Amino acid sequence: MDDLYAVADFCLIPMGTGEPSVAEYIAECQRVLEKSGLQYKVPPIEGPWRAVSQAIHDCHAAVHAKGAPRIATDIRIGTRVDRALAPGTGNEGKVRRVEEILAKDGEGV
């Protein structure tokens, strides 16, 4: 089987920076995601499992290199094998379906 296609929603939290804002660290992670070639909206990122995992790893490495001594990251990854997903559409269909249901609710009122 080829690499699983993954949609990863992750929250990276730099800790121990001594700074009141972590915006610079998050911007560094954004730069890594831009270079990864993966489809993403903050969040999630989408692509082959290994590439998604590598991008999250690279964000950690870049934020540590920027000076954050600790990072806590929560990751939720979904995969599916029952149908192919076009790159960048992992959550798009889900969002569209919810919007369709809500639109029907409006029609009945």
# chains A, B, ... in the order shown; residues from 1 in each chain; ligands from 1

$ select_by_dssp --residues "stretch 36-82 of chain A" --states "alpha helix (DSSP H)" --output "list of chain:residue names"
A:Ser36, A:Trp49, A:Arg50, A:Ala51, A:Val52, A:Ser53, A:Gln54, A:Ala55, A:Ile56, A:His57, A:Asp58, A:Cys59, A:His60, A:Ala61, A:Ala62, A:Val63, A:His64, A:Ala65

$ residues_around --residues "A:Ile71" --least-positions-apart "4" --cutoff "8 Å" --atoms "only C-alpha atoms" --output "list in words"
Leu12, Ile13, Pro14, Met15, His60 and His64 of chain A

$ write_last_selection --atoms "all heavy atoms" --output "short mmCIF file (atom, residue, chain, number, x, y, z; two decimals), in the first residue's frame"
data_model
loop_
_atom_site.label_atom_id
_atom_site.label_comp_id
_atom_site.auth_asym_id
_atom_site.auth_seq_id
_atom_site.Cartn_x
_atom_site.Cartn_y
_atom_site.Cartn_z
N LEU A 12 0.93 23.50 17.96
CA LEU A 12 2.30 23.54 18.45
C LEU A 12 2.41 24.71 19.43
O LEU A 12 2.06 25.84 19.07
CB LEU A 12 3.25 23.73 17.27
CG LEU A 12 4.74 23.72 17.57
CD1 LEU A 12 5.46 23.04 16.42
CD2 LEU A 12 5.26 25.12 17.77
N ILE A 13 2.85 24.42 20.64
CA ILE A 13 2.92 25.45 21.68
C ILE A 13 4.35 25.56 22.19
O ILE A 13 4.82 24.70 22.94
CB ILE A 13 1.97 25.11 22.85
CG1 ILE A 13 0.55 24.90 22.33
CG2 ILE A 13 2.02 26.20 23.92
CD1 ILE A 13 -0.36 24.23 23.32
N PRO A 14 5.08 26.62 21.78
CA PRO A 14 6.42 26.84 22.33
C PRO A 14 6.31 27.19 23.82
O PRO A 14 5.43 27.95 24.21
CB PRO A 14 6.95 28.03 21.53
CG PRO A 14 6.07 28.11 20.32
CD PRO A 14 4.74 27.58 20.75
N MET A 15 7.19 26.63 24.62
CA MET A 15 7.17 26.88 26.06
C MET A 15 8.56 27.23 26.55
O MET A 15 9.55 26.84 25.93
CB MET A 15 6.65 25.64 26.79
CG MET A 15 5.27 25.24 26.36
SD MET A 15 4.54 23.74 27.09
CE MET A 15 5.80 22.93 27.93
N HIS A 60 9.01 21.58 14.71
CA HIS A 60 9.64 21.46 16.04
C HIS A 60 11.11 21.87 15.95
O HIS A 60 11.58 22.67 16.76
CB HIS A 60 9.53 20.02 16.56
CG HIS A 60 8.32 19.78 17.39
ND1 HIS A 60 8.37 19.57 18.74
CD2 HIS A 60 7.02 19.71 17.03
CE1 HIS A 60 7.14 19.38 19.21
NE2 HIS A 60 6.30 19.46 18.19
N HIS A 64 12.69 25.07 17.89
CA HIS A 64 13.80 24.88 18.84
C HIS A 64 15.01 25.69 18.40
O HIS A 64 15.66 26.35 19.23
CB HIS A 64 14.19 23.40 18.95
CG HIS A 64 13.31 22.60 19.84
ND1 HIS A 64 13.03 22.93 21.15
CD2 HIS A 64 12.63 21.44 19.60
CE1 HIS A 64 12.24 22.03 21.68
NE2 HIS A 64 11.97 21.11 20.77
#

$ select_by_dssp --residues "chain A" --states "strand (DSSP E)" --output "short mmCIF file (atom, residue, chain, number, x, y, z; two decimals) with C-alpha atoms, in the first residue's frame"
data_model
loop_
_atom_site.label_atom_id
_atom_site.label_comp_id
_atom_site.auth_asym_id
_atom_site.auth_seq_id
_atom_site.Cartn_x
_atom_site.Cartn_y
_atom_site.Cartn_z
CA TYR A 5 -2.97 10.25 2.80
CA ALA A 6 -3.24 12.17 6.06
CA VAL A 7 -5.05 15.25 7.29
CA ALA A 8 -3.32 16.50 10.44
CA ASP A 9 -4.67 19.12 12.77
CA PHE A 10 -1.91 20.10 15.13
CA CYS A 11 -1.35 22.72 17.77
CA LEU A 12 2.30 23.54 18.45
CA ILE A 13 2.92 25.45 21.68
CA PRO A 14 6.42 26.84 22.33
CA MET A 15 7.17 26.88 26.06
CA GLN A 39 -1.57 21.64 1.27
CA TYR A 40 -2.50 23.50 4.42
CA ILE A 45 -2.05 20.23 6.81
CA GLU A 46 -2.67 17.48 4.28
CA GLY A 47 -0.59 15.07 2.28
CA PRO A 48 1.17 11.73 2.51
CA ARG A 70 10.42 23.10 25.06
CA ILE A 71 7.44 22.47 22.77
CA ALA A 72 4.15 20.75 23.47
CA THR A 73 2.17 19.62 20.44
CA ASP A 74 -1.26 18.03 20.21
CA ILE A 75 -1.88 16.16 16.95
CA ARG A 76 -5.06 14.72 15.52
CA ILE A 77 -4.56 12.77 12.29
CA GLY A 78 -7.28 11.27 10.16
CA THR A 79 -6.80 8.89 7.25
#

$ residues_around --residues "A:Leu33" --least-positions-apart "6" --cutoff "12 Å" --atoms "only C-alpha atoms" --output "list in words"
Ile26, Ala27, Gln39, Tyr40, Lys41, Val42, Pro43, Pro44, Ile45, Glu46, Gly47, Ala51, Val52, Ser53, Gln54, Ala55, Ile56, His57, Asp58, Cys59, His60 and Ala62 of chain A

$ atom_distance --atom1 "atom CA of A:Asp82" --atom2 "atom CA of A:Asp2"
13.7 Å

$ atom_distance --atom1 "atom CA of A:Gly16" --atom2 "atom CA of A:Val63"
11.8 Å

$ atom_distance --atom1 "atom CA of A:Tyr25" --atom2 "atom CA of A:Ala65"
9.7 Å

$ closest_residue --among "A:Ala86, A:Glu99, A:Ala68, A:Lys104" --to "A:Gly18" --atoms "only C-alpha atoms"
A:Ala68
